[in-house]
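Pasting coords22.cif here (mmCIF, C-alpha atoms and all ligand atoms):
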data_upload
loop_
_atom_site.label_atom_id
_atom_site.label_comp_id
_atom_site.auth_asym_id
_atom_site.auth_seq_id
_atom_site.Cartn_x
_atom_site.Cartn_y
_atom_site.Cartn_z
CA MET A 1 3.81 -24.33 56.86
CA LYS A 2 4.79 -22.35 53.76
CA ILE A 3 7.09 -23.85 51.12
CA LEU A 4 8.27 -22.07 47.98
CA ALA A 5 8.62 -24.14 44.78
CA VAL A 6 10.98 -22.53 42.26
CA ASN A 7 11.75 -23.17 38.59
CA ALA A 8 14.61 -20.99 37.33
CA GLY A 9 15.26 -20.81 33.59
CA SER A 10 17.94 -18.88 31.75
CA SER A 11 15.88 -15.67 31.65
CA SER A 12 12.87 -16.49 33.82
CA LEU A 13 12.01 -17.50 37.35
CA LYS A 14 8.67 -19.14 38.14
CA PHE A 15 7.52 -19.65 41.70
CA GLN A 16 4.63 -20.96 43.71
CA LEU A 17 4.10 -20.53 47.45
CA LEU A 18 2.26 -23.49 48.93
CA GLU A 19 0.68 -24.15 52.31
CA MET A 20 1.79 -27.63 53.27
CA PRO A 21 0.81 -30.29 54.04
CA ASP A 22 -2.59 -29.09 52.77
CA GLU A 23 -1.07 -28.57 49.30
CA MET A 24 -2.96 -25.30 48.86
CA VAL A 25 -1.49 -22.65 46.53
CA ILE A 26 -1.14 -19.34 48.39
CA THR A 27 0.26 -17.43 45.42
CA SER A 28 2.26 -17.92 42.27
CA GLY A 29 4.11 -15.77 39.81
CA ILE A 30 6.90 -15.32 37.32
CA VAL A 31 9.79 -12.99 36.64
CA GLU A 32 10.27 -12.88 32.88
CA ARG A 33 12.97 -11.66 30.48
CA ILE A 34 15.57 -11.29 33.24
CA GLY A 35 18.52 -9.30 31.89
CA TYR A 36 16.50 -7.81 28.99
CA ASP A 37 15.05 -4.30 28.59
CA ASN A 38 11.43 -5.44 28.79
CA ALA A 39 11.69 -7.47 32.01
CA GLU A 40 8.60 -7.85 34.18
CA PHE A 41 7.47 -9.36 37.46
CA THR A 42 3.99 -10.86 37.81
CA ILE A 43 2.48 -12.09 41.07
CA LYS A 44 -1.04 -13.22 41.95
CA VAL A 45 -2.61 -11.09 44.69
CA ASN A 46 -6.10 -12.14 45.82
CA ASP A 47 -6.41 -14.19 42.62
CA LYS A 48 -5.60 -11.16 40.43
CA LYS A 49 -2.38 -10.87 38.46
CA VAL A 50 -0.29 -7.81 39.32
CA THR A 51 2.45 -7.03 36.78
CA GLU A 52 5.30 -4.56 37.18
CA LYS A 53 7.74 -3.65 34.43
CA LEU A 54 11.15 -2.96 35.97
CA GLU A 55 14.82 -3.23 35.39
CA ILE A 56 15.74 -6.80 36.42
CA LYS A 57 19.46 -7.15 35.77
CA ASN A 58 19.98 -10.70 36.98
CA HIS A 59 18.53 -13.60 38.98
CA LYS A 60 19.69 -12.07 42.26
CA VAL A 61 17.52 -9.02 41.60
CA ALA A 62 14.66 -11.30 40.49
CA VAL A 63 14.80 -13.30 43.72
CA HIS A 64 14.78 -10.12 45.82
CA LEU A 65 11.71 -8.93 43.92
CA VAL A 66 9.95 -12.21 44.66
CA VAL A 67 10.70 -12.32 48.39
CA GLU A 68 10.05 -8.59 48.87
CA GLY A 69 6.91 -8.89 46.71
CA LEU A 70 5.50 -11.53 49.06
CA ILE A 71 5.79 -9.07 51.94
CA LYS A 72 4.83 -5.94 49.97
CA HIS A 73 1.61 -7.57 48.78
CA LYS A 74 0.91 -8.83 52.34
CA ILE A 75 1.00 -12.48 51.28
CA ILE A 76 3.32 -13.13 54.22
CA LYS A 77 4.20 -10.89 57.18
CA SER A 78 7.81 -11.96 57.51
CA LEU A 79 10.30 -14.12 55.60
CA ASP A 80 10.48 -16.44 58.64
CA GLU A 81 7.16 -17.88 57.49
CA ILE A 82 8.92 -19.57 54.53
CA LYS A 83 10.14 -22.88 55.97
CA GLY A 84 11.72 -24.34 52.85
CA VAL A 85 12.51 -23.72 49.19
CA GLY A 86 12.39 -26.49 46.58
CA HIS A 87 14.21 -25.99 43.28
CA ARG A 88 13.51 -27.80 40.06
CA VAL A 89 16.80 -29.01 38.56
CA VAL A 90 16.66 -30.54 35.10
CA GLN A 91 19.64 -32.92 35.07
CA GLY A 92 20.72 -34.96 38.10
CA GLY A 93 22.64 -37.53 36.07
CA GLU A 94 23.59 -40.70 37.93
CA LEU A 95 24.80 -38.62 40.88
CA PHE A 96 21.33 -37.96 42.25
CA LYS A 97 19.14 -40.98 42.86
CA ASP A 98 17.00 -38.87 45.21
CA SER A 99 16.24 -35.21 45.79
CA ALA A 100 18.98 -33.49 47.81
CA ILE A 101 19.27 -30.89 50.55
CA ILE A 102 21.39 -28.16 48.96
CA THR A 103 24.89 -27.66 50.34
CA ASP A 104 28.03 -26.29 48.68
CA GLU A 105 28.95 -29.87 47.80
CA VAL A 106 25.56 -30.50 46.14
CA VAL A 107 25.94 -27.28 44.11
CA GLU A 108 29.36 -28.48 42.91
CA LYS A 109 27.91 -31.86 41.94
CA ILE A 110 25.10 -30.19 39.96
CA LYS A 111 27.71 -28.00 38.22
CA SER A 112 29.66 -31.14 37.29
CA LEU A 113 26.63 -32.21 35.22
CA ASN A 114 26.52 -29.00 33.16
CA ASP A 115 27.87 -30.76 30.05
CA LEU A 116 24.80 -33.02 30.04
CA ALA A 117 22.32 -30.11 30.26
CA PRO A 118 24.14 -26.96 29.13
CA LEU A 119 20.93 -24.98 28.57
CA HIS A 120 19.25 -25.85 31.85
CA ASN A 121 21.51 -26.73 34.77
CA PRO A 122 23.51 -23.46 34.83
CA ALA A 123 20.24 -21.50 35.02
CA ASN A 124 18.95 -23.77 37.79
CA ILE A 125 22.15 -23.17 39.77
CA THR A 126 21.86 -19.41 39.32
CA GLY A 127 18.38 -19.57 40.87
CA ILE A 128 19.59 -21.78 43.73
CA GLN A 129 22.50 -19.47 44.57
CA ALA A 130 20.30 -16.37 44.50
CA PHE A 131 17.80 -17.95 46.92
CA ARG A 132 20.58 -19.21 49.20
CA GLU A 133 21.80 -15.61 49.49
CA ALA A 134 18.34 -14.12 49.96
CA LEU A 135 17.16 -16.73 52.50
CA PRO A 136 20.38 -18.03 54.10
CA ASP A 137 18.68 -19.72 57.07
CA VAL A 138 16.02 -21.54 55.07
CA ILE A 139 16.40 -25.17 53.97
CA GLN A 140 16.74 -25.48 50.20
CA VAL A 141 16.17 -28.73 48.33
CA ALA A 142 17.01 -29.71 44.74
CA VAL A 143 14.38 -31.85 43.00
CA PHE A 144 15.61 -33.37 39.75
CA ASP A 145 13.65 -34.12 36.56
CA THR A 146 15.75 -37.24 36.11
CA THR A 147 15.60 -38.85 39.58
CA PHE A 148 12.33 -40.72 39.10
CA HIS A 149 13.85 -42.49 36.08
CA GLN A 150 16.96 -43.65 37.95
CA THR A 151 15.09 -46.93 38.62
CA MET A 152 15.35 -47.86 34.90
CA ASN A 153 17.70 -50.79 34.37
CA GLU A 154 20.60 -50.74 31.94
CA LEU A 155 18.61 -52.60 29.27
CA ALA A 156 16.31 -49.58 29.17
CA TYR A 157 18.84 -46.79 29.57
CA LEU A 158 21.92 -47.87 27.60
CA TYR A 159 22.27 -46.93 23.96
CA ALA A 160 23.71 -49.61 21.68
CA ALA A 161 26.69 -47.31 21.02
CA PRO A 162 30.34 -47.75 22.11
CA TYR A 163 30.14 -48.65 25.81
CA GLU A 164 33.08 -46.35 26.53
CA TRP A 165 30.87 -43.34 25.65
CA TYR A 166 28.71 -44.26 28.60
CA LYS A 167 31.64 -44.91 30.92
CA LYS A 168 33.66 -41.84 29.91
CA TYR A 169 30.98 -39.24 29.16
CA GLY A 170 27.74 -40.48 30.71
CA VAL A 171 26.07 -41.03 27.32
CA ARG A 172 22.84 -42.88 28.22
CA LYS A 173 19.14 -42.27 28.49
CA TYR A 174 18.22 -40.20 31.57
CA GLY A 175 14.62 -39.22 30.85
CA PHE A 176 12.89 -36.01 31.98
CA HIS A 177 9.53 -34.76 33.36
CA GLY A 178 10.24 -37.10 36.30
CA THR A 179 8.37 -35.07 38.93
CA SER A 180 5.30 -34.98 36.69
CA HIS A 181 5.46 -38.71 35.86
CA GLN A 182 5.85 -39.51 39.54
CA TYR A 183 3.03 -37.23 40.72
CA VAL A 184 0.59 -38.44 38.10
CA SER A 185 1.43 -42.15 38.40
CA GLU A 186 1.12 -42.03 42.21
CA ARG A 187 -2.32 -40.49 41.84
CA ALA A 188 -3.31 -43.08 39.21
CA ALA A 189 -2.24 -45.93 41.53
CA GLU A 190 -4.46 -44.36 44.22
CA LEU A 191 -7.42 -44.15 41.84
CA LEU A 192 -6.86 -47.78 40.81
CA ASP A 193 -6.37 -48.70 44.48
CA ASN A 194 -3.39 -50.75 43.34
CA PRO A 195 0.19 -49.78 44.31
CA ASN A 196 1.51 -52.48 41.96
CA ALA A 197 -0.34 -51.15 38.90
CA LYS A 198 1.29 -51.06 35.48
CA ILE A 199 0.76 -47.55 34.15
CA ILE A 200 1.83 -45.57 31.09
CA VAL A 201 1.89 -41.80 31.65
CA CYS A 202 1.57 -39.60 28.56
CA HIS A 203 2.93 -36.17 29.58
CA LEU A 204 1.90 -34.23 26.47
CA GLY A 205 2.76 -30.55 26.58
CA ASN A 206 4.92 -28.44 24.31
CA GLY A 207 7.62 -30.84 25.50
CA ALA A 208 6.28 -34.38 25.69
CA SER A 209 7.37 -37.73 27.06
CA LEU A 210 5.95 -41.11 27.94
CA CYS A 211 6.86 -43.16 31.00
CA ALA A 212 6.23 -46.81 31.82
CA VAL A 213 5.63 -47.13 35.57
CA ASP A 214 5.54 -50.60 37.10
CA GLY A 215 4.67 -50.81 40.80
CA GLY A 216 5.48 -47.12 41.36
CA LYS A 217 8.86 -47.26 39.60
CA SER A 218 9.84 -45.84 36.23
CA VAL A 219 11.02 -48.77 34.09
CA ASP A 220 11.31 -46.90 30.77
CA THR A 221 10.75 -43.44 29.34
CA SER A 222 10.85 -41.86 25.91
CA MET A 223 13.23 -38.91 26.42
CA GLY A 224 16.93 -39.69 26.39
CA LEU A 225 20.28 -38.03 27.00
CA THR A 226 18.40 -34.81 26.24
CA PRO A 227 14.70 -33.93 25.91
CA LEU A 228 14.99 -34.27 22.11
CA GLU A 229 14.57 -38.05 21.99
CA GLY A 230 11.21 -39.79 21.90
CA ILE A 231 7.88 -38.76 20.43
CA PRO A 232 7.41 -35.71 18.15
CA MET A 233 6.57 -32.57 20.19
CA GLY A 234 5.56 -28.94 19.57
CA THR A 235 8.87 -28.00 17.96
CA ARG A 236 11.08 -31.06 18.64
CA SER A 237 11.38 -33.93 16.19
CA GLY A 238 11.67 -36.79 18.66
CA ASN A 239 13.54 -39.77 17.19
CA VAL A 240 15.20 -39.35 13.81
CA ASP A 241 18.08 -41.22 12.24
CA PRO A 242 21.19 -39.34 13.49
CA ALA A 243 22.56 -39.50 9.93
CA VAL A 244 20.09 -36.70 9.12
CA LEU A 245 22.56 -34.34 10.84
CA MET A 246 25.28 -35.02 8.31
CA LEU A 247 23.02 -34.91 5.27
CA ILE A 248 21.30 -31.62 6.16
CA ALA A 249 24.54 -29.99 7.34
CA ALA A 250 26.06 -30.73 3.92
CA LYS A 251 23.00 -29.78 1.86
CA GLU A 252 22.20 -26.55 3.72
CA ASN A 253 25.74 -25.56 4.62
CA LYS A 254 25.00 -25.64 8.33
CA THR A 255 26.95 -26.78 11.36
CA TYR A 256 25.76 -29.84 13.30
CA ALA A 257 24.75 -27.48 16.11
CA GLU A 258 22.52 -25.55 13.72
CA VAL A 259 20.85 -28.71 12.41
CA LEU A 260 20.35 -29.88 15.99
CA ASP A 261 18.75 -26.53 16.71
CA ASP A 262 16.36 -27.11 13.77
CA LEU A 263 15.46 -30.51 15.25
CA ASN A 264 14.81 -28.84 18.62
CA LYS A 265 13.05 -25.67 17.50
CA LYS A 266 11.69 -26.08 13.97
CA SER A 267 10.43 -29.66 13.91
CA GLY A 268 7.57 -31.62 15.46
CA TYR A 269 4.11 -30.08 14.93
CA LEU A 270 5.72 -26.88 13.62
CA GLY A 271 8.04 -28.60 11.17
CA VAL A 272 5.54 -31.03 9.68
CA SER A 273 2.58 -28.62 9.49
CA GLY A 274 4.59 -25.50 8.62
CA ILE A 275 1.89 -23.64 10.60
CA SER A 276 2.20 -23.89 14.38
CA ASN A 277 3.65 -25.68 17.37
CA ASP A 278 0.31 -25.47 19.19
CA SER A 279 -1.95 -28.53 19.16
CA ARG A 280 -5.05 -26.31 18.95
CA ASP A 281 -3.88 -24.80 15.63
CA ILE A 282 -2.96 -28.25 14.32
CA ILE A 283 -6.42 -29.68 15.09
CA ASP A 284 -8.23 -26.56 13.74
CA ASN A 285 -6.30 -26.60 10.49
CA MET A 286 -6.65 -30.35 10.10
CA ASN A 287 -10.42 -29.96 10.52
CA LYS A 288 -10.33 -27.30 7.77
CA GLY A 289 -8.70 -29.85 5.46
CA ASP A 290 -5.03 -28.88 5.76
CA TYR A 291 -3.06 -31.97 4.73
CA ARG A 292 0.19 -31.24 6.56
CA SER A 293 -1.63 -30.48 9.81
CA MET A 294 -3.34 -33.85 9.47
CA LEU A 295 0.10 -35.43 8.97
CA ALA A 296 1.55 -33.63 12.02
CA HIS A 297 -1.34 -34.93 14.15
CA LYS A 298 -1.32 -38.48 12.83
CA ILE A 299 2.45 -38.95 12.86
CA GLN A 300 2.50 -37.98 16.53
CA ILE A 301 -0.32 -40.37 17.35
CA LYS A 302 1.38 -43.23 15.52
CA ARG A 303 4.65 -42.63 17.38
CA ILE A 304 2.87 -42.48 20.73
CA ALA A 305 1.02 -45.72 19.93
CA ASP A 306 4.37 -47.33 18.97
CA TYR A 307 5.78 -46.50 22.42
CA ILE A 308 2.66 -47.65 24.23
CA GLY A 309 2.77 -51.00 22.40
CA SER A 310 6.41 -51.41 23.28
CA TYR A 311 5.87 -50.56 26.98
CA TYR A 312 2.88 -52.92 27.12
CA VAL A 313 5.09 -55.77 26.00
CA TYR A 314 8.03 -54.70 28.20
CA MET A 315 5.87 -54.51 31.34
CA GLY A 316 3.92 -57.67 30.41
CA GLY A 317 0.55 -55.94 30.64
CA LEU A 318 -1.10 -52.63 31.39
CA ASP A 319 -3.68 -51.37 33.88
CA ALA A 320 -3.99 -47.73 32.86
CA ILE A 321 -2.97 -44.99 30.47
CA VAL A 322 -2.82 -41.53 32.01
CA PHE A 323 -2.93 -38.20 30.14
CA THR A 324 -1.43 -35.06 31.61
CA ALA A 325 0.07 -31.59 30.80
CA GLY A 326 -1.28 -28.96 28.35
CA ILE A 327 -2.36 -31.30 25.56
CA GLY A 328 -3.01 -34.39 27.67
CA GLU A 329 -5.32 -32.45 30.00
CA ASN A 330 -7.06 -30.32 27.36
CA SER A 331 -7.30 -32.03 23.98
CA PRO A 332 -10.15 -34.56 23.63
CA GLU A 333 -9.22 -35.14 19.96
CA ILE A 334 -5.65 -36.15 20.72
CA ARG A 335 -6.62 -38.38 23.68
CA LYS A 336 -9.26 -40.08 21.52
CA GLY A 337 -6.84 -40.50 18.61
CA ILE A 338 -4.29 -42.20 20.86
CA LEU A 339 -6.83 -44.44 22.62
CA GLU A 340 -8.34 -45.53 19.30
CA ALA A 341 -4.88 -46.27 17.91
CA ILE A 342 -4.24 -48.69 20.79
CA SER A 343 -7.76 -50.19 20.98
CA VAL A 344 -6.26 -53.64 20.35
CA LEU A 345 -4.92 -53.47 23.94
CA GLY A 346 -8.51 -53.46 25.23
CA VAL A 347 -9.22 -49.79 25.89
CA THR A 348 -12.51 -48.13 24.94
CA VAL A 349 -13.09 -44.36 25.05
CA ASP A 350 -16.00 -42.91 27.03
CA GLU A 351 -16.84 -40.08 24.63
CA GLU A 352 -18.78 -38.03 27.15
CA GLN A 353 -16.13 -38.16 29.87
CA ASN A 354 -13.40 -37.57 27.29
CA SER A 355 -15.06 -34.32 26.21
CA LYS A 356 -14.63 -32.90 29.76
CA ARG A 357 -11.73 -31.46 31.74
CA GLY A 358 -10.26 -32.22 35.15
CA GLU A 359 -9.33 -35.46 36.87
CA ARG A 360 -11.55 -38.27 35.60
CA MET A 361 -11.68 -41.69 33.95
CA VAL A 362 -12.11 -41.33 30.19
CA SER A 363 -12.47 -45.04 29.37
CA THR A 364 -15.76 -46.93 29.62
CA SER A 365 -16.41 -48.92 32.81
CA ASP A 366 -15.97 -52.23 30.95
CA SER A 367 -12.66 -51.14 29.34
CA ARG A 368 -9.96 -53.72 30.22
CA VAL A 369 -7.26 -51.04 30.30
CA LYS A 370 -8.43 -47.85 32.04
CA ALA A 371 -7.64 -44.34 30.80
CA PHE A 372 -7.51 -41.22 32.98
CA ILE A 373 -6.94 -37.49 32.78
CA ILE A 374 -4.87 -36.47 35.81
CA PRO A 375 -3.73 -32.82 35.89
CA THR A 376 -0.04 -32.68 36.73
CA ASN A 377 1.32 -30.63 39.60
CA GLU A 378 5.11 -30.43 39.64
CA GLU A 379 5.11 -27.67 42.27
CA VAL A 380 3.22 -29.80 44.79
CA MET A 381 5.63 -32.66 44.13
CA ILE A 382 8.59 -30.31 44.76
CA ALA A 383 7.03 -29.04 48.01
CA ARG A 384 6.34 -32.63 49.12
CA GLU A 385 10.01 -33.45 48.54
CA VAL A 386 11.14 -30.51 50.70
CA ILE A 387 8.92 -31.76 53.53
CA ARG A 388 10.02 -35.39 53.12
CA LEU A 389 13.74 -34.61 53.10
CA GLU A 390 13.64 -32.23 56.01
CA ASN A 391 11.07 -34.16 58.05
CA LEU A 392 9.29 -30.85 58.38
P1 LIG B 401 2.45 -27.28 28.47
O1 LIG B 401 3.84 -27.35 27.88
O2 LIG B 401 2.13 -28.44 29.37
O3 LIG B 401 2.12 -25.95 29.08
O4 LIG B 401 1.46 -27.44 27.23
C1 LIG B 401 1.37 -26.46 26.22
C2 LIG B 401 0.58 -27.00 25.04
O5 LIG B 401 -0.68 -27.51 25.49
C3 LIG B 401 0.23 -25.90 24.04
O6 LIG B 401 1.24 -25.72 23.10
C4 LIG B 401 -1.02 -26.46 23.40
O7 LIG B 401 -0.61 -27.29 22.32
C5 LIG B 401 -1.65 -27.34 24.46
N1 LIG B 401 -2.86 -26.74 25.05
C6 LIG B 401 -2.91 -25.82 26.03
N2 LIG B 401 -4.19 -25.48 26.30
C7 LIG B 401 -4.96 -26.22 25.46
C8 LIG B 401 -6.36 -26.32 25.24
N3 LIG B 401 -7.25 -25.59 25.94
N4 LIG B 401 -6.80 -27.18 24.29
C9 LIG B 401 -5.92 -27.92 23.58
N5 LIG B 401 -4.59 -27.86 23.74
C10 LIG B 401 -4.11 -27.02 24.67
#

Show this structure as structure tokens.
Amino acid sequence: MKILAVNAGSSSLKFQLLEMPDEMVITSGIVERIGYDNAEFTIKVNDKKVTEKLEIKNHKVAVHLVVEGLIKHKIIKSLDEIKGVGHRVVQGGELFKDSAIITDEVVEKIKSLNDLAPLHNPANITGIQAFREALPDVIQVAVFDTTFHQTMNELAYLYAAPYEWYKKYGVRKYGFHGTSHQYVSERAAELLDNPNAKIIVCHLGNGASLCAVDGGKSVDTSMGLTPLEGIPMGTRSGNVDPAVLMLIAAKENKTYAEVLDDLNKKSGYLGVSGISNDSRDIIDNMNKGDYRSMLAHKIQIKRIADYIGSYYVYMGGLDAIVFTAGIGENSPEIRKGILEAISVLGVTVDEEQNSKRGERMVSTSDSRVKAFIIPTNEEVMIAREVIRLENL
């Protein structure tokens, strides 16, 4: 049966049509720059990308393009073939401890969380509403980035700030990339043949987070109230002393919102190196002797190693480290740097395996703690959730 996995952003809409339960991708595509003059719609037809530049006023138009495009390009014969639509939703707060079949009530609940994710949740809702209108008889499911982390206990998720902030405004750590952490850790437990394994997932992409998974459950994660907390990323700082806000606002005559924007968009690899947010540029320039690129690389590795050490102690041991997402799946240098930084935990790199791509073990066979590359697949996880919730 065919399930559509959808990720709606403020000006984009990504989709993948999957044949389930085989988990085969039938097609995928993206509508970009919705609402702008240079909008375009790209869809894969027989493995080739077909791009059309059109006027795409809003998400409703984008969704019509997608569903009509599936028929126009003969990917499906009729819309009845789509048995379910799964939507990525960034923030589920404490209201969603599981994925949810979308009803008017669920939409209202997601809207009530807008304050916690003002950049993401409204866009997700726009996508949901447009698909509900276009495919009114098809089951729609919301799959939240935060749900997997709802198993963290309050020692892990509470900030040591006034408790009333938590009670009144929901100020706590929620964590993100949950579908990826879940997908990858489930696969790692299969490879280890141990459902009770203690695993640390390093989801290292332009956004990056770590997750400690004990017996299939998230017990801690590095992102917080927002995706800014944690390790340094492509353009995000990760943890800094919040007093930086006040100092920089005063020195540079900026508002707190502007300084926060700098921490989100001008920090991390980009901020430290002054060159790029892309790990490939950082490694290239470091290898050419650029000092600040070396710093950007090594600061990130130190911070990742700090988290891994802390999760090792918190879980009371570790069976495997797993690398995933753009950097985790593709950068041998960064994987090696991290594994060498935590060698005291008993992990040894297999240089030959580490130089390759695709799912594999990258630690030596005698390594006490194993290390794997496991490519993430958030769309498959979303489609699996649609099937699970609807008993399809
Ligand atoms: P993601 O957010 O998961 O799509 O990851 C994007 C990041 O992955 C990029 O900014 C790069 O830093 C990194 N990346 C992507 N492809 C490669 C590659 N072939 N080698 C090294 N890093 C890569």

List every residue of chain A that has an atom at most 8 Å from any atom of ligand LIG 401 (chain B), and for each one report the closest atom pair and its distance in Å to one decimal, counting all atoms listed in the file, with rows sorted by chain and then by increasing residue number, as a Markdown table.
| residue | atom | partner | partner_atom | distance |
| --- | --- | --- | --- | --- |
| A:His203 | CA | B:LIG401 | O2 | 7.8 |
| A:Leu204 | CA | B:LIG401 | O2 | 6.5 |
| A:Gly205 | CA | B:LIG401 | O4 | 3.4 |
| A:Asn206 | CA | B:LIG401 | O1 | 3.9 |
| A:Gly207 | CA | B:LIG401 | O1 | 5.7 |
| A:Ala208 | CA | B:LIG401 | O1 | 7.8 |
| A:Gly234 | CA | B:LIG401 | O6 | 6.4 |
| A:Asn277 | CA | B:LIG401 | O6 | 6.2 |
| A:Asp278 | CA | B:LIG401 | O7 | 3.7 |
| A:Ser279 | CA | B:LIG401 | O7 | 3.6 |
| A:Arg280 | CA | B:LIG401 | C9 | 5.0 |
| A:Asp281 | CA | B:LIG401 | O7 | 7.9 |
| A:Thr324 | CA | B:LIG401 | O2 | 7.8 |
| A:Ala325 | CA | B:LIG401 | O2 | 4.0 |
| A:Gly326 | CA | B:LIG401 | O5 | 3.3 |
| A:Ile327 | CA | B:LIG401 | O5 | 4.1 |
| A:Gly328 | CA | B:LIG401 | O5 | 7.6 |
| A:Glu329 | CA | B:LIG401 | C10 | 7.7 |
| A:Asn330 | CA | B:LIG401 | N4 | 4.4 |
| A:Ser331 | CA | B:LIG401 | C9 | 4.4 |
| A:Pro332 | CA | B:LIG401 | C9 | 7.9 |

Nearest-residue call for Leu158 (chain A), choices A:Leu225, A:Val143, A:Ile248, A:Met286, using only C-alpha atoms: A:Leu225

Contacts of Asp98 (chain A) at 9 Å (only C-alpha atoms; same-chain gap of 4+ positions) as a list in words: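 The contact residues come out as Gly92, Val143, Phe144, Thr147, Phe148 and Gln150 of chain A.
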
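Distance check against Ile200 (chain A) using only C-alpha atoms: of A:Val369, A:Leu119, A:Met223, A:Val63, the minimum falls on A:Val369.
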
Among the residues A:Lys370, A:Lys74, A:Lys302, A:Lys111, the one that comes closest to Thr126 (chain A) [using all atoms listed in the file]: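 Smallest separation from Thr126 (chain A) among the options: A:Lys111.
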
Counting only C-alpha atoms, give me one row per residue of region 278-302 of chain A with an atom at most 12 Å from an atom of region 336-356 of chain A, showing the shortest contact pair and its distance in Å to one decimal, sorted by chain then residue number, as JSON lines.
{"residue": "A:Ile283", "atom": "CA", "partner": "A:Gly337", "partner_atom": "CA", "distance": 11.4}
{"residue": "A:Met294", "atom": "CA", "partner": "A:Gly337", "partner_atom": "CA", "distance": 11.8}
{"residue": "A:His297", "atom": "CA", "partner": "A:Gly337", "partner_atom": "CA", "distance": 9.0}
{"residue": "A:Lys298", "atom": "CA", "partner": "A:Gly337", "partner_atom": "CA", "distance": 8.2}
{"residue": "A:Ile299", "atom": "CA", "partner": "A:Ile338", "partner_atom": "CA", "distance": 11.0}
{"residue": "A:Gln300", "atom": "CA", "partner": "A:Ile338", "partner_atom": "CA", "distance": 9.1}
{"residue": "A:Ile301", "atom": "CA", "partner": "A:Ile338", "partner_atom": "CA", "distance": 5.6}
{"residue": "A:Lys302", "atom": "CA", "partner": "A:Ala341", "partner_atom": "CA", "distance": 7.4}

Take the residues that were just selected and, keeping C-alpha atoms, output them as an mmCIF file, in the frame of the given file.
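And here's result28.cif as it stands now:
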data_model
loop_
_atom_site.group_PDB
_atom_site.id
_atom_site.type_symbol
_atom_site.label_atom_id
_atom_site.label_comp_id
_atom_site.auth_asym_id
_atom_site.auth_seq_id
_atom_site.Cartn_x
_atom_site.Cartn_y
_atom_site.Cartn_z
ATOM 1 C CA ILE A 283 -6.420 -29.680 15.090
ATOM 2 C CA MET A 294 -3.340 -33.850 9.470
ATOM 3 C CA HIS A 297 -1.340 -34.930 14.150
ATOM 4 C CA LYS A 298 -1.320 -38.480 12.830
ATOM 5 C CA ILE A 299 2.450 -38.950 12.860
ATOM 6 C CA GLN A 300 2.500 -37.980 16.530
ATOM 7 C CA ILE A 301 -0.320 -40.370 17.350
ATOM 8 C CA LYS A 302 1.380 -43.230 15.520
#

Minimum-distance residue to Arg303 (chain A), chosen among A:Leu260, A:Cys202, A:Ile128, A:Ala197 (using all atoms listed in the file):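 Going through A:Leu260, A:Cys202, A:Ile128, A:Ala197 one by one, the smallest distance to Arg303 (chain A) is for A:Cys202.
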
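Proximity to Val213 (chain A) was assessed for A:Gly316, A:Pro227, A:Pro242, A:Gly86 counting all atoms listed in the file; the smallest distance is recorded for A:Gly316.
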
Region 6-16 of chain A surroundings by all atoms listed in the file, 8 Å radius, close-in-sequence under 2 positions cut, as a ChimeraX atom specification: /A:4,18,25-35,59,62,85-89,119-120,122-124,126-127,379

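Between CA of Asn196 (chain A) and CA of Gly317 (chain A) the interatomic distance comes to 11.9 Å.
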
Gap from CA of Thr221 (chain A) to CA of Val171 (chain A) - Å, one decimal: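 We find that CA of Thr221 (chain A) and CA of Val171 (chain A) lie 15.6 Å from each other.
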
Residues near Ile82 (chain A), cut-off 12 Å, all atoms listed in the file, skip fewer than 4 positions along chain, as an MDAnalysis selection string: chainID A and resid 1:5 16:20 26 67 70:71 75:78 86 131 134:140 383 386 392

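The spacing separating CA of Thr226 (chain A) from CA of Ile308 (chain A) amounts to 20.4 Å.
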
Residue with smallest distance to Ile387 (chain A) - pool A:Val141, A:Leu295, A:Leu192, A:Leu79, counting only C-alpha atoms: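 That would be A:Val141, the residue with the smallest distance to Ile387 (chain A).
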
Local residues around (7.7, -44.1, 21.6), at most 7 Å away, using only C-alpha atoms, as JSON, numbers by chain: {"A": [222, 230, 231, 303, 304, 306, 307, 308]}

His149 (chain A) surroundings by only C-alpha atoms, 6 Å radius, close-in-sequence under 3 positions cut, as a list in words: Thr146, Met152 and Ser218 of chain A

Who sits within 10 Å of His73 (chain A), only C-alpha atoms, same chain under 4 positions skipped, as JSON, numbers by chain: {"A": [43, 44, 45, 46, 50, 68, 69, 77]}

How would the residues just picked look written out with C-alpha atoms as a PDB file, keeping the file's coordinate frame?
ATOM      1  CA  ILE A  43       2.480 -12.090  41.070  1.00  0.00           C
ATOM      2  CA  LYS A  44      -1.040 -13.220  41.950  1.00  0.00           C
ATOM      3  CA  VAL A  45      -2.610 -11.090  44.690  1.00  0.00           C
ATOM      4  CA  ASN A  46      -6.100 -12.140  45.820  1.00  0.00           C
ATOM      5  CA  VAL A  50      -0.290  -7.810  39.320  1.00  0.00           C
ATOM      6  CA  GLU A  68      10.050  -8.590  48.870  1.00  0.00           C
ATOM      7  CA  GLY A  69       6.910  -8.890  46.710  1.00  0.00           C
ATOM      8  CA  LYS A  77       4.200 -10.890  57.180  1.00  0.00           C
TER       9      LYS A  77
END

Expected answer as a count of residues only: all residues with atoms within 9 Å of (2.1, -37.6, 42.6), only C-alpha atoms: 15
